[in-house]
Amino acid sequence: MERALIILKPDAVQRGLVGPILTRLEQRGLKLQGLKLMQVDEALARRHYAEHEGKGFFAGLVSYITSAPVVVAVVGGKPGTVELIRAMVGATNPAKAAPGTIRGDFGVEIGRNLIHASDSPESGEREVAIFFRPEELIVEWGRAADPWIYE
Ligand code: UDP
Ligand code: MG
């Protein structure tokens with residue numbers, strides 16, 4: 001099953017937007033496989049964002065993501081789910097994100113863009129493995145609404 005790691009970043013938690021953002025994912029029909037509140041330390045931040053090491057925004061990104069608690073979630077579904085979530089999240093810079101997207105509705109600046117979502121199924125697997133132990137996840141669970149969401 002294809003899945004994405006979602007991080008509701010410190011600004012989302014501080015602004016009381018955990019509920020509204022998770023609601024959007026739930027209402028779309030996406031299924032949670034894991035969910036927790038945690039504080040990201042510097043080592044975890046550097047590992048998660050390793051692809052951005054050396055870029056001008058890296059130090060600010062690490063200090064932002066480690067500055068206060070985050071909510072991390074694993075969201076899974078059929079093939080295409082990761083792309084669907086990225087479309088809901090919107091462009092990296094909220095100033096350029098389309099209205100109707102999470103960043104386009106709740107954010108204004110790139111350095112405070114509220115949410116992380118894995119950018120491919122491969123990134124999803126890598127990122128889920130660094131934030132969750134297998135026993136913290138429920139990968140397959142029956143949901144009464146499933147036949148009304150997936151044909
Ligand atoms: N970021 C930033 N300034 C930039 C580019 C990125 O602060 O110029 C931050 C921002 O929080 C972004 C994260 O670094 O979400 C990771 O960047 P990426 O290009 O992977 O964007 P995303 O996949 O989150 O849309
Ligand atoms: Mg990215």
# chains A, B, ... in the order shown; residues from 1 in each chain; ligands from 1

$ closest_atom_pairs --of "segment 79-149 of chain A" --to "segment 49-73 of chain A" --cutoff "12 Å" --atoms "only C-alpha atoms" --output "Markdown table"
| residue | atom | partner | partner_atom | distance |
| --- | --- | --- | --- | --- |
| A:Ile110 | CA | A:Phe57 | CA | 10.1 |
| A:Gly111 | CA | A:Leu61 | CA | 7.2 |
| A:Arg112 | CA | A:Tyr64 | CA | 8.2 |
| A:Asn113 | CA | A:Tyr64 | CA | 10.5 |
| A:Leu114 | CA | A:Val70 | CA | 9.9 |
| A:Ile115 | CA | A:Val71 | CA | 9.6 |
| A:His116 | CA | A:Val72 | CA | 9.2 |
| A:Ala117 | CA | A:Ala73 | CA | 9.6 |
| A:Ser118 | CA | A:Ala73 | CA | 11.0 |
| A:Ser123 | CA | A:Glu51 | CA | 10.9 |
| A:Gly124 | CA | A:Ala73 | CA | 11.2 |
| A:Arg126 | CA | A:Tyr49 | CA | 11.3 |
| A:Glu127 | CA | A:Tyr49 | CA | 9.6 |
| A:Val128 | CA | A:Ala73 | CA | 8.7 |
| A:Ala129 | CA | A:Ala73 | CA | 11.9 |
| A:Ile130 | CA | A:Tyr49 | CA | 11.2 |
| A:Phe131 | CA | A:Val72 | CA | 7.8 |
| A:Phe132 | CA | A:Val72 | CA | 9.0 |
| A:Glu136 | CA | A:Ala73 | CA | 10.7 |
| A:Leu137 | CA | A:Ala73 | CA | 9.6 |
| A:Ile138 | CA | A:Ala73 | CA | 11.5 |

$ select_by_dssp --residues "chain A" --states "alpha helix (DSSP H)" --output "ChimeraX atom specification"
/A:10-14,18-28,42-48,58-65,81-89,102-106,121-131,146-149

$ write_last_selection --atoms "C-alpha atoms" --output "PDB file, in the first residue's frame"
ATOM      1  CA  PRO A  10       5.346  23.596  14.590  1.00  0.00           C
ATOM      2  CA  ASP A  11       3.379  26.528  13.123  1.00  0.00           C
ATOM      3  CA  ALA A  12       0.391  24.264  12.403  1.00  0.00           C
ATOM      4  CA  VAL A  13       0.422  22.962  15.991  1.00  0.00           C
ATOM      5  CA  GLN A  14       0.945  26.419  17.547  1.00  0.00           C
ATOM      6  CA  VAL A  18      -3.964  20.172  13.581  1.00  0.00           C
ATOM      7  CA  GLY A  19      -7.688  19.416  13.550  1.00  0.00           C
ATOM      8  CA  PRO A  20      -8.573  21.402  10.417  1.00  0.00           C
ATOM      9  CA  ILE A  21      -5.679  19.924   8.427  1.00  0.00           C
ATOM     10  CA  LEU A  22      -6.296  16.325   9.521  1.00  0.00           C
ATOM     11  CA  THR A  23      -9.988  16.861   8.794  1.00  0.00           C
ATOM     12  CA  ARG A  24      -9.187  17.675   5.174  1.00  0.00           C
ATOM     13  CA  LEU A  25      -7.219  14.454   4.784  1.00  0.00           C
ATOM     14  CA  GLU A  26      -9.947  12.409   6.466  1.00  0.00           C
ATOM     15  CA  GLN A  27     -12.729  14.035   4.476  1.00  0.00           C
ATOM     16  CA  ARG A  28     -10.924  13.257   1.243  1.00  0.00           C
ATOM     17  CA  GLU A  42      18.354  18.065  15.423  1.00  0.00           C
ATOM     18  CA  ALA A  43      19.643  14.635  14.365  1.00  0.00           C
ATOM     19  CA  LEU A  44      16.199  13.532  13.186  1.00  0.00           C
ATOM     20  CA  ALA A  45      15.629  16.837  11.374  1.00  0.00           C
ATOM     21  CA  ARG A  46      18.957  16.515   9.529  1.00  0.00           C
ATOM     22  CA  ARG A  47      18.215  12.918   8.569  1.00  0.00           C
ATOM     23  CA  HIS A  48      14.697  13.677   7.353  1.00  0.00           C
ATOM     24  CA  PHE A  58      18.820  24.387   5.615  1.00  0.00           C
ATOM     25  CA  ALA A  59      19.824  25.864   8.998  1.00  0.00           C
ATOM     26  CA  GLY A  60      16.568  27.817   9.243  1.00  0.00           C
ATOM     27  CA  LEU A  61      14.584  24.725   8.246  1.00  0.00           C
ATOM     28  CA  VAL A  62      16.219  22.601  10.952  1.00  0.00           C
ATOM     29  CA  SER A  63      15.657  25.265  13.602  1.00  0.00           C
ATOM     30  CA  TYR A  64      11.998  25.707  12.517  1.00  0.00           C
ATOM     31  CA  ILE A  65      11.135  22.000  12.560  1.00  0.00           C
ATOM     32  CA  THR A  81      -2.255   8.561  -2.966  1.00  0.00           C
ATOM     33  CA  VAL A  82       1.093  10.354  -2.515  1.00  0.00           C
ATOM     34  CA  GLU A  83       0.465  12.528  -5.571  1.00  0.00           C
ATOM     35  CA  LEU A  84      -3.081  13.234  -4.412  1.00  0.00           C
ATOM     36  CA  ILE A  85      -1.818  14.383  -0.996  1.00  0.00           C
ATOM     37  CA  ARG A  86       0.837  16.629  -2.585  1.00  0.00           C
ATOM     38  CA  ALA A  87      -1.917  18.250  -4.658  1.00  0.00           C
ATOM     39  CA  MET A  88      -3.915  18.905  -1.476  1.00  0.00           C
ATOM     40  CA  VAL A  89      -0.820  20.375   0.236  1.00  0.00           C
ATOM     41  CA  ILE A 102      -3.615  23.543   2.655  1.00  0.00           C
ATOM     42  CA  ARG A 103      -0.686  25.920   2.180  1.00  0.00           C
ATOM     43  CA  GLY A 104      -2.750  28.181  -0.075  1.00  0.00           C
ATOM     44  CA  ASP A 105      -5.505  28.500   2.521  1.00  0.00           C
ATOM     45  CA  PHE A 106      -3.496  28.712   5.741  1.00  0.00           C
ATOM     46  CA  PRO A 121       6.104   6.558  -2.753  1.00  0.00           C
ATOM     47  CA  GLU A 122       9.846   5.890  -2.286  1.00  0.00           C
ATOM     48  CA  SER A 123      10.256   8.988  -0.072  1.00  0.00           C
ATOM     49  CA  GLY A 124       7.155   7.871   1.808  1.00  0.00           C
ATOM     50  CA  GLU A 125       8.740   4.530   2.709  1.00  0.00           C
ATOM     51  CA  ARG A 126      12.047   6.151   3.719  1.00  0.00           C
ATOM     52  CA  GLU A 127      10.403   8.850   5.837  1.00  0.00           C
ATOM     53  CA  VAL A 128       7.843   6.592   7.531  1.00  0.00           C
ATOM     54  CA  ALA A 129      10.706   4.310   8.604  1.00  0.00           C
ATOM     55  CA  ILE A 130      12.612   7.141  10.277  1.00  0.00           C
ATOM     56  CA  PHE A 131       9.622   8.524  12.208  1.00  0.00           C
ATOM     57  CA  ASP A 146     -14.033   2.034   2.311  1.00  0.00           C
ATOM     58  CA  PRO A 147     -16.448   0.666  -0.355  1.00  0.00           C
ATOM     59  CA  TRP A 148     -17.977   4.150  -0.585  1.00  0.00           C
ATOM     60  CA  ILE A 149     -14.589   5.735  -1.239  1.00  0.00           C
TER      61      ILE A 149
END

$ closest_atom_pairs --of "segment 74-101 of chain A" --to "segment 1-7 of chain A" --cutoff "9 Å" --atoms "only C-alpha atoms" --output "JSON lines"
{"residue": "A:Val74", "atom": "CA", "partner": "A:Leu5", "partner_atom": "CA", "distance": 4.8}
{"residue": "A:Val75", "atom": "CA", "partner": "A:Ala4", "partner_atom": "CA", "distance": 5.4}
{"residue": "A:Gly76", "atom": "CA", "partner": "A:Arg3", "partner_atom": "CA", "distance": 4.0}
{"residue": "A:Gly77", "atom": "CA", "partner": "A:Glu2", "partner_atom": "CA", "distance": 5.7}
{"residue": "A:Lys78", "atom": "CA", "partner": "A:Glu2", "partner_atom": "CA", "distance": 6.0}
{"residue": "A:Pro79", "atom": "CA", "partner": "A:Glu2", "partner_atom": "CA", "distance": 5.7}
{"residue": "A:Gly80", "atom": "CA", "partner": "A:Glu2", "partner_atom": "CA", "distance": 7.6}
{"residue": "A:Thr81", "atom": "CA", "partner": "A:Glu2", "partner_atom": "CA", "distance": 6.6}
{"residue": "A:Val82", "atom": "CA", "partner": "A:Ala4", "partner_atom": "CA", "distance": 5.8}
{"residue": "A:Ile85", "atom": "CA", "partner": "A:Ala4", "partner_atom": "CA", "distance": 8.1}

$ atom_distance --atom1 "atom 18 (P, counted along the ligand's line) of ligand 1" --atom2 "atom CA of Glu135 of chain A"
28.7 Å

$ select_by_dssp --residues "chain A" --states "strand (DSSP E or B)" --output "list of chain:residue names"
A:Glu2, A:Arg3, A:Ala4, A:Leu5, A:Ile6, A:Ile7, A:Leu8, A:Lys31, A:Leu32, A:Gln33, A:Gly34, A:Leu35, A:Lys36, A:Leu37, A:Met38, A:Val70, A:Val71, A:Val72, A:Ala73, A:Val74, A:Val75, A:Gly76, A:Gly77, A:Pro99, A:Thr101, A:Ile115, A:His116, A:Ala117

$ write_last_selection --atoms "N, CA, C and O atoms" --output "compact mmCIF listing (two decimals), in the first residue's frame"
# COMPACT_ATOMS: atom_id res chain seq x y z
N GLU A 2 0.60 2.13 -0.93
CA GLU A 2 1.36 3.38 -1.02
C GLU A 2 1.02 4.29 0.17
O GLU A 2 -0.13 4.39 0.56
N ARG A 3 2.04 4.94 0.72
CA ARG A 3 1.75 5.80 1.87
C ARG A 3 2.70 6.98 1.95
O ARG A 3 3.80 6.96 1.39
N ALA A 4 2.27 7.98 2.67
CA ALA A 4 3.05 9.22 2.81
C ALA A 4 3.25 9.52 4.28
O ALA A 4 2.37 9.25 5.11
N LEU A 5 4.42 10.09 4.59
CA LEU A 5 4.60 10.69 5.91
C LEU A 5 4.11 12.14 5.83
O LEU A 5 4.48 12.88 4.91
N ILE A 6 3.28 12.49 6.78
CA ILE A 6 2.79 13.87 6.91
C ILE A 6 3.38 14.43 8.21
O ILE A 6 3.35 13.76 9.24
N ILE A 7 3.91 15.64 8.14
CA ILE A 7 4.29 16.34 9.38
C ILE A 7 3.49 17.63 9.44
O ILE A 7 3.56 18.45 8.51
N LEU A 8 2.72 17.77 10.51
CA LEU A 8 2.10 19.06 10.79
C LEU A 8 3.14 19.83 11.59
O LEU A 8 3.46 19.49 12.72
N LYS A 31 -6.77 7.29 4.63
CA LYS A 31 -6.81 6.48 5.84
C LYS A 31 -5.52 6.63 6.65
O LYS A 31 -4.43 6.48 6.11
N LEU A 32 -5.70 6.91 7.94
CA LEU A 32 -4.54 7.00 8.84
C LEU A 32 -3.99 5.61 9.14
O LEU A 32 -4.74 4.67 9.37
N GLN A 33 -2.67 5.53 9.17
CA GLN A 33 -2.00 4.29 9.61
C GLN A 33 -1.19 4.54 10.89
O GLN A 33 -0.76 3.60 11.54
N GLY A 34 -0.96 5.81 11.22
CA GLY A 34 -0.20 6.15 12.42
C GLY A 34 -0.35 7.63 12.70
O GLY A 34 -0.58 8.41 11.77
N LEU A 35 -0.21 8.00 13.99
CA LEU A 35 -0.41 9.40 14.39
C LEU A 35 0.22 9.64 15.76
O LEU A 35 -0.03 8.88 16.69
N LYS A 36 1.06 10.67 15.88
CA LYS A 36 1.60 11.00 17.21
C LYS A 36 2.10 12.45 17.26
O LYS A 36 2.50 13.03 16.25
N LEU A 37 2.10 12.97 18.50
CA LEU A 37 2.72 14.27 18.80
C LEU A 37 4.15 14.00 19.25
O LEU A 37 4.38 13.10 20.05
N MET A 38 5.10 14.76 18.73
CA MET A 38 6.49 14.54 19.13
C MET A 38 7.30 15.81 18.93
O MET A 38 6.88 16.74 18.24
N VAL A 70 5.57 18.78 16.92
CA VAL A 70 4.92 18.54 15.63
C VAL A 70 3.97 17.36 15.79
O VAL A 70 4.10 16.59 16.74
N VAL A 71 3.06 17.22 14.87
CA VAL A 71 2.23 16.01 14.78
C VAL A 71 2.64 15.29 13.51
O VAL A 71 2.68 15.89 12.44
N VAL A 72 3.00 14.02 13.67
CA VAL A 72 3.38 13.22 12.49
C VAL A 72 2.31 12.17 12.25
O VAL A 72 1.77 11.59 13.20
N ALA A 73 2.04 11.94 10.99
CA ALA A 73 1.02 10.97 10.62
C ALA A 73 1.49 10.16 9.42
O ALA A 73 2.28 10.65 8.60
N VAL A 74 1.00 8.95 9.35
CA VAL A 74 1.18 8.14 8.15
C VAL A 74 -0.20 7.98 7.52
O VAL A 74 -1.16 7.62 8.21
N VAL A 75 -0.28 8.31 6.24
CA VAL A 75 -1.55 8.25 5.53
C VAL A 75 -1.35 7.36 4.31
O VAL A 75 -0.40 7.54 3.55
N GLY A 76 -2.23 6.39 4.18
CA GLY A 76 -2.04 5.41 3.10
C GLY A 76 -3.26 5.26 2.23
O GLY A 76 -4.34 5.75 2.55
N GLY A 77 -3.05 4.57 1.13
CA GLY A 77 -4.17 4.33 0.22
C GLY A 77 -3.70 3.64 -1.04
O GLY A 77 -2.64 3.03 -1.07
N PRO A 99 -5.37 28.67 -3.89
CA PRO A 99 -6.44 28.63 -2.90
C PRO A 99 -7.13 27.26 -2.98
O PRO A 99 -7.27 26.70 -4.06
N THR A 101 -5.80 24.70 -1.49
CA THR A 101 -4.77 23.81 -0.95
C THR A 101 -4.51 24.19 0.51
O THR A 101 -4.87 25.29 0.95
N ILE A 115 3.06 22.26 6.66
CA ILE A 115 2.92 20.81 6.49
C ILE A 115 4.02 20.26 5.59
O ILE A 115 4.44 20.91 4.63
N HIS A 116 4.48 19.07 5.96
CA HIS A 116 5.35 18.28 5.09
C HIS A 116 4.54 17.10 4.57
O HIS A 116 3.77 16.50 5.32
N ALA A 117 4.74 16.74 3.32
CA ALA A 117 4.18 15.50 2.78
C ALA A 117 5.21 14.87 1.86
O ALA A 117 5.83 15.57 1.05

$ atom_distance --atom1 "atom 2 (C, counted along the ligand's line) of ligand 1" --atom2 "atom CA of Thr92 of chain A"
7.9 Å

$ atom_distance --atom1 "atom 5 (C, counted along the ligand's line) of ligand 1" --atom2 "atom CA of Gly16 of chain A"
23.6 Å

$ closest_residue --among "A:Gly29, A:Gly107, A:Pro134, A:Gly90" --to "ligand 2" --atoms "only C-alpha atoms and all ligand atoms"
A:Gly90

$ closest_residue --among "A:Val108, A:Ala98, A:Asp119, A:Arg15" --to "ligand 2" --atoms "only C-alpha atoms and all ligand atoms"
A:Asp119

$ closest_residue --among "A:Val139, A:Ala144, A:Ala91, A:Ala97" --to "ligand 2" --atoms "only C-alpha atoms and all ligand atoms"
A:Ala91

$ closest_residue --among "A:Lys9, A:Leu30, A:Arg143, A:Asp41" --to "ligand 1" --atoms "only C-alpha atoms and all ligand atoms"
A:Lys9

$ closest_residue --among "A:Asn93, A:Glu151, A:Gly142, A:Leu17" --to "ligand 2" --atoms "only C-alpha atoms and all ligand atoms"
A:Asn93
